[in-house]
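So this block is coords.cif, mmCIF, C-alpha atoms:
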data_start
loop_
_atom_site.label_atom_id
_atom_site.label_comp_id
_atom_site.auth_asym_id
_atom_site.auth_seq_id
_atom_site.Cartn_x
_atom_site.Cartn_y
_atom_site.Cartn_z
CA ALA I 271 -59.59 -23.83 47.58
CA PHE I 272 -56.34 -24.23 45.62
CA GLU I 273 -56.32 -28.00 45.14
CA GLU I 274 -55.85 -27.69 41.38
CA ASP I 275 -53.64 -24.59 41.39
CA LEU I 276 -50.85 -25.36 43.86
CA THR I 277 -48.02 -27.84 43.70
CA PRO I 278 -47.35 -29.93 46.84
CA ARG I 279 -44.33 -27.74 47.51
CA ASP I 280 -46.43 -24.57 47.26
CA SER I 281 -49.03 -26.08 49.60
CA ARG I 282 -46.40 -26.83 52.24
CA ARG I 283 -44.93 -23.36 51.88
CA LEU I 284 -48.38 -21.78 52.26
CA ALA I 285 -49.13 -23.87 55.37
CA ARG I 286 -45.81 -22.91 56.99
CA ARG I 287 -46.42 -19.28 56.19
CA ALA I 288 -49.92 -19.41 57.68
CA LEU I 289 -48.52 -20.85 60.92
CA TYR I 290 -45.85 -18.16 61.03
CA GLU I 291 -48.49 -15.46 60.50
CA LEU I 292 -50.61 -16.87 63.32
CA LEU I 293 -47.72 -16.77 65.77
CA ILE I 294 -46.34 -13.37 64.81
CA ASP I 295 -49.81 -11.80 64.76
CA SER I 296 -50.21 -12.51 68.48
CA LEU I 297 -46.91 -10.81 69.29
CA GLU I 298 -47.71 -7.78 67.18
CA ILE I 299 -51.16 -7.40 68.69
CA ASN I 300 -49.62 -7.31 72.17
CA HIS I 301 -47.16 -4.67 71.00
CA TYR I 302 -49.43 -2.36 69.04
CA TYR I 303 -52.36 -2.56 71.45
CA HIS I 304 -50.30 -0.84 74.14
CA PRO I 305 -51.22 2.88 74.31
CA ARG I 306 -47.58 3.96 74.31
CA ASN I 307 -47.13 2.41 70.84
CA ILE I 308 -50.01 4.18 69.11
CA ASP I 309 -47.74 6.64 67.29
CA GLU I 310 -45.72 3.71 65.98
CA LEU I 311 -48.92 2.03 64.85
CA LEU I 312 -49.99 5.11 62.90
CA ARG I 313 -46.57 5.24 61.17
CA ASN I 314 -46.29 1.53 60.40
CA VAL I 315 -49.87 0.81 59.35
CA PRO I 316 -51.01 3.36 56.74
CA VAL I 317 -54.54 3.27 55.36
CA GLU I 318 -54.98 3.30 51.59
CA GLY I 319 -58.36 4.54 50.38
CA LEU I 320 -59.33 6.34 53.58
CA GLU I 321 -61.15 8.93 51.51
CA LYS I 322 -63.59 6.20 50.41
CA ILE I 323 -64.77 5.75 54.00
CA HIS I 324 -65.22 9.49 54.48
CA ARG I 325 -67.14 9.71 51.21
CA ALA I 326 -69.38 6.78 52.19
CA LEU I 327 -70.14 8.39 55.56
CA GLU I 328 -71.29 11.61 53.91
CA GLY I 329 -74.66 9.99 53.21
CA GLY I 330 -75.49 10.15 56.92
CA ARG I 331 -76.36 6.47 57.24
CA GLY I 332 -73.00 5.22 58.45
CA ALA I 333 -71.16 2.54 56.50
CA VAL I 334 -70.41 -1.17 56.83
CA GLY I 335 -66.79 -2.31 56.66
CA ALA I 336 -66.79 -5.92 55.42
CA ALA I 337 -63.61 -7.57 56.71
CA ALA I 338 -62.52 -11.21 56.94
CA HIS I 339 -60.20 -13.45 58.93
CA LEU I 340 -57.34 -12.52 56.62
CA GLY I 341 -54.18 -10.97 57.97
CA ASN I 342 -54.14 -9.32 61.37
CA PHE I 343 -57.78 -8.27 61.51
CA GLN I 344 -57.52 -7.37 65.23
CA LEU I 345 -54.87 -4.84 64.30
CA LEU I 346 -57.16 -3.57 61.55
CA ALA I 347 -59.76 -2.69 64.18
CA ILE I 348 -57.39 -0.72 66.39
CA ARG I 349 -55.94 1.13 63.41
CA LEU I 350 -59.32 2.29 62.15
CA SER I 351 -60.35 3.35 65.65
CA LYS I 352 -57.68 6.05 65.46
CA GLU I 353 -59.10 7.77 62.42
CA GLU I 354 -61.26 10.91 62.48
CA PHE I 355 -64.65 9.23 62.22
CA ASN I 356 -66.81 7.26 64.63
CA PHE I 357 -65.80 3.61 64.52
CA SER I 358 -67.46 0.49 65.93
CA PHE I 359 -66.25 -3.10 65.81
CA LEU I 360 -68.77 -5.96 65.85
CA VAL I 361 -67.07 -8.62 67.97
CA LYS I 362 -68.02 -12.24 68.57
CA ASP I 363 -66.69 -13.55 71.88
CA PRO I 364 -63.66 -15.84 71.41
CA LYS I 365 -64.31 -19.38 72.64
CA ASN I 366 -61.41 -19.16 75.10
CA PRO I 367 -62.62 -16.96 78.00
CA HIS I 368 -59.07 -16.04 79.04
CA PHE I 369 -58.26 -14.83 75.54
CA ALA I 370 -61.55 -12.93 75.39
CA LYS I 371 -60.82 -11.19 78.70
CA ALA I 372 -57.32 -10.16 77.60
CA TRP I 373 -58.52 -9.02 74.17
CA TYR I 374 -61.33 -6.88 75.58
CA LYS I 375 -58.95 -5.39 78.14
CA TYR I 376 -56.68 -4.29 75.31
CA MET I 377 -59.57 -2.82 73.31
CA ASP I 378 -60.91 -0.94 76.33
CA THR I 379 -57.45 0.55 76.93
CA ILE I 380 -57.14 1.98 73.40
CA PRO I 381 -60.24 2.39 73.42
CA VAL I 382 -62.04 0.56 70.61
CA ASN I 383 -65.82 0.92 70.61
CA ARG I 384 -67.17 -2.60 70.29
CA ILE I 385 -70.54 -4.20 69.68
CA ASN I 386 -70.56 -7.58 71.40
CA PHE I 387 -72.19 -10.37 69.42
CA VAL I 388 -74.28 -12.08 72.10
CA SER I 389 -76.99 -13.10 69.66
CA ARG I 390 -77.96 -12.23 66.08
CA VAL I 391 -80.73 -9.99 67.38
CA SER I 392 -78.52 -8.08 69.83
CA ALA I 393 -75.74 -7.74 67.25
CA ALA I 394 -78.16 -6.36 64.67
CA LYS I 395 -79.62 -3.88 67.16
CA GLY I 396 -76.13 -2.71 68.13
CA ALA I 397 -75.16 -2.29 64.48
CA PHE I 398 -78.37 -0.38 63.74
CA ARG I 399 -77.66 2.03 66.61
CA ALA I 400 -74.07 2.57 65.51
CA LEU I 401 -75.02 3.14 61.88
CA GLY I 402 -77.80 5.45 62.99
CA ARG I 403 -75.28 7.76 64.61
CA GLY I 404 -73.05 7.64 61.53
CA ASP I 405 -70.41 5.10 62.56
CA PHE I 406 -68.18 3.06 60.30
CA VAL I 407 -69.06 -0.42 61.55
CA MET I 408 -66.50 -3.14 60.87
CA MET I 409 -67.78 -6.71 60.67
CA VAL I 410 -65.57 -9.79 60.35
CA ALA I 411 -68.15 -12.19 58.95
CA ASP I 412 -66.63 -14.80 56.66
CA GLU I 413 -67.17 -17.97 58.70
CA PHE I 414 -69.14 -20.95 57.42
CA LYS I 415 -72.69 -20.72 58.77
CA ARG I 416 -74.57 -24.00 58.99
CA ARG I 417 -77.67 -22.18 60.26
CA GLY I 418 -78.78 -18.66 59.42
CA GLY I 419 -76.33 -18.27 56.55
CA VAL I 420 -76.79 -17.44 52.90
CA GLU I 421 -75.71 -19.63 49.99
CA VAL I 422 -72.76 -18.30 47.96
CA ASN I 423 -70.18 -19.61 45.55
CA PHE I 424 -66.64 -19.49 46.94
CA PHE I 425 -63.72 -20.84 44.90
CA GLY I 426 -66.16 -22.69 42.67
CA LYS I 427 -67.93 -24.43 45.53
CA THR I 428 -71.23 -23.74 47.25
CA THR I 429 -71.01 -22.75 50.90
CA MET I 430 -72.98 -20.84 53.53
CA LEU I 431 -71.78 -17.37 54.48
CA ALA I 432 -72.95 -15.04 57.25
CA ALA I 433 -75.75 -12.89 55.88
CA GLY I 434 -75.36 -10.14 58.48
CA PRO I 435 -73.32 -7.51 56.60
CA ALA I 436 -75.55 -7.60 53.53
CA ALA I 437 -78.79 -7.79 55.52
CA ILE I 438 -77.83 -4.87 57.77
CA ALA I 439 -76.58 -2.74 54.87
CA LEU I 440 -79.80 -3.35 52.94
CA LYS I 441 -82.00 -2.68 55.96
CA THR I 442 -80.33 0.63 56.83
CA GLY I 443 -79.27 1.84 53.40
CA ALA I 444 -75.67 2.04 54.61
CA PRO I 445 -73.04 1.48 51.91
CA MET I 446 -70.73 -1.52 52.28
CA LEU I 447 -66.99 -1.31 51.68
CA PRO I 448 -64.69 -4.36 51.69
CA ILE I 449 -61.56 -3.78 53.78
CA ASN I 450 -58.43 -5.79 54.40
CA ILE I 451 -54.96 -5.60 55.95
CA PHE I 452 -51.78 -6.79 54.23
CA ARG I 453 -48.48 -7.55 55.94
CA GLY I 454 -45.34 -5.74 54.89
CA LYS I 455 -41.83 -6.03 56.28
CA LYS I 456 -40.66 -5.64 59.88
CA SER I 457 -44.11 -5.58 61.49
CA CYS I 458 -45.45 -3.02 59.03
CA TYR I 459 -48.81 -3.38 57.34
CA ARG I 460 -51.06 -1.54 54.95
CA VAL I 461 -54.81 -1.30 55.28
CA VAL I 462 -56.65 -1.33 51.95
CA VAL I 463 -60.17 0.08 51.67
CA ASP I 464 -61.88 -1.22 48.55
CA ASP I 465 -64.48 0.65 46.52
CA GLN I 466 -68.03 0.68 47.81
CA ILE I 467 -69.93 -2.35 46.52
CA GLU I 468 -72.43 -1.09 43.99
CA PHE I 469 -75.74 -2.88 44.39
CA ALA I 470 -79.28 -1.99 43.39
CA PRO I 471 -81.91 -3.77 45.54
CA THR I 472 -84.81 -5.37 43.69
CA GLY I 473 -87.21 -5.53 46.62
CA ASP I 474 -86.90 -9.30 46.92
CA VAL I 475 -85.18 -9.33 50.32
CA GLU I 476 -83.95 -12.93 50.28
CA LYS I 477 -82.62 -12.64 46.74
CA ASP I 478 -81.02 -9.26 47.44
CA ILE I 479 -79.19 -10.55 50.53
CA ARG I 480 -77.89 -13.54 48.56
CA ASN I 481 -76.72 -11.48 45.58
CA TYR I 482 -75.18 -8.74 47.75
CA SER I 483 -73.38 -11.40 49.78
CA GLN I 484 -72.08 -12.99 46.58
CA LEU I 485 -70.52 -9.71 45.52
CA ARG I 486 -68.79 -9.51 48.91
CA THR I 487 -67.65 -13.12 48.55
CA ASP I 488 -66.15 -12.47 45.11
CA ILE I 489 -64.02 -9.67 46.55
CA MET I 490 -63.02 -11.81 49.52
CA GLU I 491 -61.92 -14.58 47.14
CA ARG I 492 -59.73 -12.06 45.33
CA TYR I 493 -58.15 -11.06 48.65
CA VAL I 494 -57.44 -14.71 49.50
CA ARG I 495 -55.78 -15.28 46.15
CA GLU I 496 -53.64 -12.15 46.48
CA LEU I 497 -52.49 -13.06 49.99
CA SER I 498 -51.77 -16.65 48.99
CA LEU I 499 -49.61 -15.58 46.07
CA ILE I 500 -47.67 -13.26 48.40
CA HIS I 501 -47.13 -16.01 50.97
CA ILE I 502 -46.01 -18.56 48.38
CA SER I 503 -43.47 -16.18 46.84
CA GLU I 504 -42.00 -14.96 50.14
CA PRO I 505 -39.92 -17.36 52.24
CA THR I 506 -40.83 -17.80 55.92
CA ARG I 507 -38.35 -15.94 58.07
#
Give the structure from this file in structure tokens form.
Amino acid sequence: AFEEDLTPRDSRRLARRALYELLIDSLEINHYYHPRNIDELLRNVPVEGLEKIHRALEGGRGAVGAAAHLGNFQLLAIRLSKEEFNFSFLVKDPKNPHFAKAWYKYMDTIPVNRINFVSRVSAAKGAFRALGRGDFVMMVADEFKRRGGVEVNFFGKTTMLAAGPAAIALKTGAPMLPINIFRGKKSCYRVVVDDQIEFAPTGDVEKDIRNYSQLRTDIMERYVRELSLIHISEPTR
């Protein structure tokens, strides 16, 4: 993504920082997912733009939270589950069954209401039910999709992105809000809720899903650039 923008030194620094983030994320998840540390979580992980979620939910159709594999997205789910609105997390089973078992045990302890992604059909039905009762449904759907994806432009290159968030939002009329989590100092974070994506459907379903997904991709690219600049400028501890 940054082949023309980063020096070799910056690339190495970014790679080291990414490895550090991966390791420290696991430790922080174990810490914050324990019920006795919930008060600490609420203090150390404030939510900016929370009023945007409440405003989106006023329409009575729920809302879609479009997240990505940026930052500690597992922590993002537990933090939002502690707010004063119904929250559901669409979860795809991790490939490692031992990790999946431990992760689900943590979520059930909090608890975090989850929609298990067994298949596209079951995931969509679960999301429809949650949105129908007015939930804020968080979806982490930024992976490359060889099959069943939608074509978007990401960092100047064509790729295939999961169509689910856009398709579900269009089908239900639920607004979609990009959401991300940024690391601070000493295991503190800040959750940032972006403005609702403004989109007017044309009635051409395939075209609408593609264009809506592109808007989500543009915002995700901005997040990636912001996080990368932070990681390059801050030395790995």
Residues within 10 Å of segment 488-496 of chain I, all atoms listed in the file, excluding chain neighbours under 5 positions, as a PyMOL selection string:
chain I and resi 271-272+336-341+412+422-425+448-452+464+467+483+501
Residues just named, written with C-alpha atoms as an mmCIF file, in the coordinates of the input:
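Contents of selection.cif, as written:
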data_model
loop_
_atom_site.group_PDB
_atom_site.id
_atom_site.type_symbol
_atom_site.label_atom_id
_atom_site.label_comp_id
_atom_site.auth_asym_id
_atom_site.auth_seq_id
_atom_site.Cartn_x
_atom_site.Cartn_y
_atom_site.Cartn_z
ATOM 1 C CA ALA I 271 -59.590 -23.830 47.580
ATOM 2 C CA PHE I 272 -56.340 -24.230 45.620
ATOM 3 C CA ALA I 336 -66.790 -5.920 55.420
ATOM 4 C CA ALA I 337 -63.610 -7.570 56.710
ATOM 5 C CA ALA I 338 -62.520 -11.210 56.940
ATOM 6 C CA HIS I 339 -60.200 -13.450 58.930
ATOM 7 C CA LEU I 340 -57.340 -12.520 56.620
ATOM 8 C CA GLY I 341 -54.180 -10.970 57.970
ATOM 9 C CA ASP I 412 -66.630 -14.800 56.660
ATOM 10 C CA VAL I 422 -72.760 -18.300 47.960
ATOM 11 C CA ASN I 423 -70.180 -19.610 45.550
ATOM 12 C CA PHE I 424 -66.640 -19.490 46.940
ATOM 13 C CA PHE I 425 -63.720 -20.840 44.900
ATOM 14 C CA PRO I 448 -64.690 -4.360 51.690
ATOM 15 C CA ILE I 449 -61.560 -3.780 53.780
ATOM 16 C CA ASN I 450 -58.430 -5.790 54.400
ATOM 17 C CA ILE I 451 -54.960 -5.600 55.950
ATOM 18 C CA PHE I 452 -51.780 -6.790 54.230
ATOM 19 C CA ASP I 464 -61.880 -1.220 48.550
ATOM 20 C CA ILE I 467 -69.930 -2.350 46.520
ATOM 21 C CA SER I 483 -73.380 -11.400 49.780
ATOM 22 C CA HIS I 501 -47.130 -16.010 50.970
#
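In this model, the gap between atom CA of Gly402 of chain I and atom CA of Gly332 of chain I comes to 6.6 Å.
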Shell of 9 Å around Gly329 of chain I, all atoms listed in the file, local chain residues under 2 positions omitted, as a VMD selection string
chain I and resid 325 to 327 331 to 333 404 444 to 445
Given the file above and the PyMOL selection byres ((chain I and resi 430) around 12), which residues are selected, and can you give them as an MDAnalysis selection string?
chainID I and resid 411:424 427:429 431:433 480 483:484 487
Mind listing as a ChimeraX atom specification all residues within 9 Å of (-63.5, -0.7, 68.3), counting all atoms listed in the file?
/I:347-348,350-351,357-361,377-378,380-385,407-408
Could you list, as an NGL selection string, every residue within 10 Å of segment 386-389 of chain I, counting all atoms listed in the file and ignoring same-chain residues fewer than 4 positions away?
:I and (359-363 or 393-397)
Let me see the file: selected residues, C-alpha atoms, as an mmCIF file, keeping the file's coordinate frame.
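That gives us result.cif:
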data_model
loop_
_atom_site.group_PDB
_atom_site.id
_atom_site.type_symbol
_atom_site.label_atom_id
_atom_site.label_comp_id
_atom_site.auth_asym_id
_atom_site.auth_seq_id
_atom_site.Cartn_x
_atom_site.Cartn_y
_atom_site.Cartn_z
ATOM 1 C CA PHE I 359 -66.250 -3.100 65.810
ATOM 2 C CA LEU I 360 -68.770 -5.960 65.850
ATOM 3 C CA VAL I 361 -67.070 -8.620 67.970
ATOM 4 C CA LYS I 362 -68.020 -12.240 68.570
ATOM 5 C CA ASP I 363 -66.690 -13.550 71.880
ATOM 6 C CA ALA I 393 -75.740 -7.740 67.250
ATOM 7 C CA ALA I 394 -78.160 -6.360 64.670
ATOM 8 C CA LYS I 395 -79.620 -3.880 67.160
ATOM 9 C CA GLY I 396 -76.130 -2.710 68.130
ATOM 10 C CA ALA I 397 -75.160 -2.290 64.480
#
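Considering the residues I:Leu311, I:Val461, I:Ile479, I:Leu289 and counting only C-alpha atoms, Phe343 of chain I has its shortest atom-to-atom contact with I:Val461.
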Hey, which of I:Thr472, I:Ser457, I:Asn356, I:Gln466 ends up closest to Glu321 of chain I? Count only C-alpha atoms.
I:Gln466
Just how far from atom CA of Trp373 of chain I is atom CA of Gln344 of chain I, in Å to one decimal?
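Atom CA of Gln344 of chain I sits 9.1 Å away from atom CA of Trp373 of chain I.
Taking atom CA of Tyr482 of chain I as the reference point, atom CA of Phe469 of chain I is found at 6.8 Å.
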Selection in question (the file shown): the PyMOL selection byres ((chain I and resi 308) around 12). Which residues does it include, as a PyMOL selection string?
chain I and resi 299-307+309-315+345+348-353+379-381
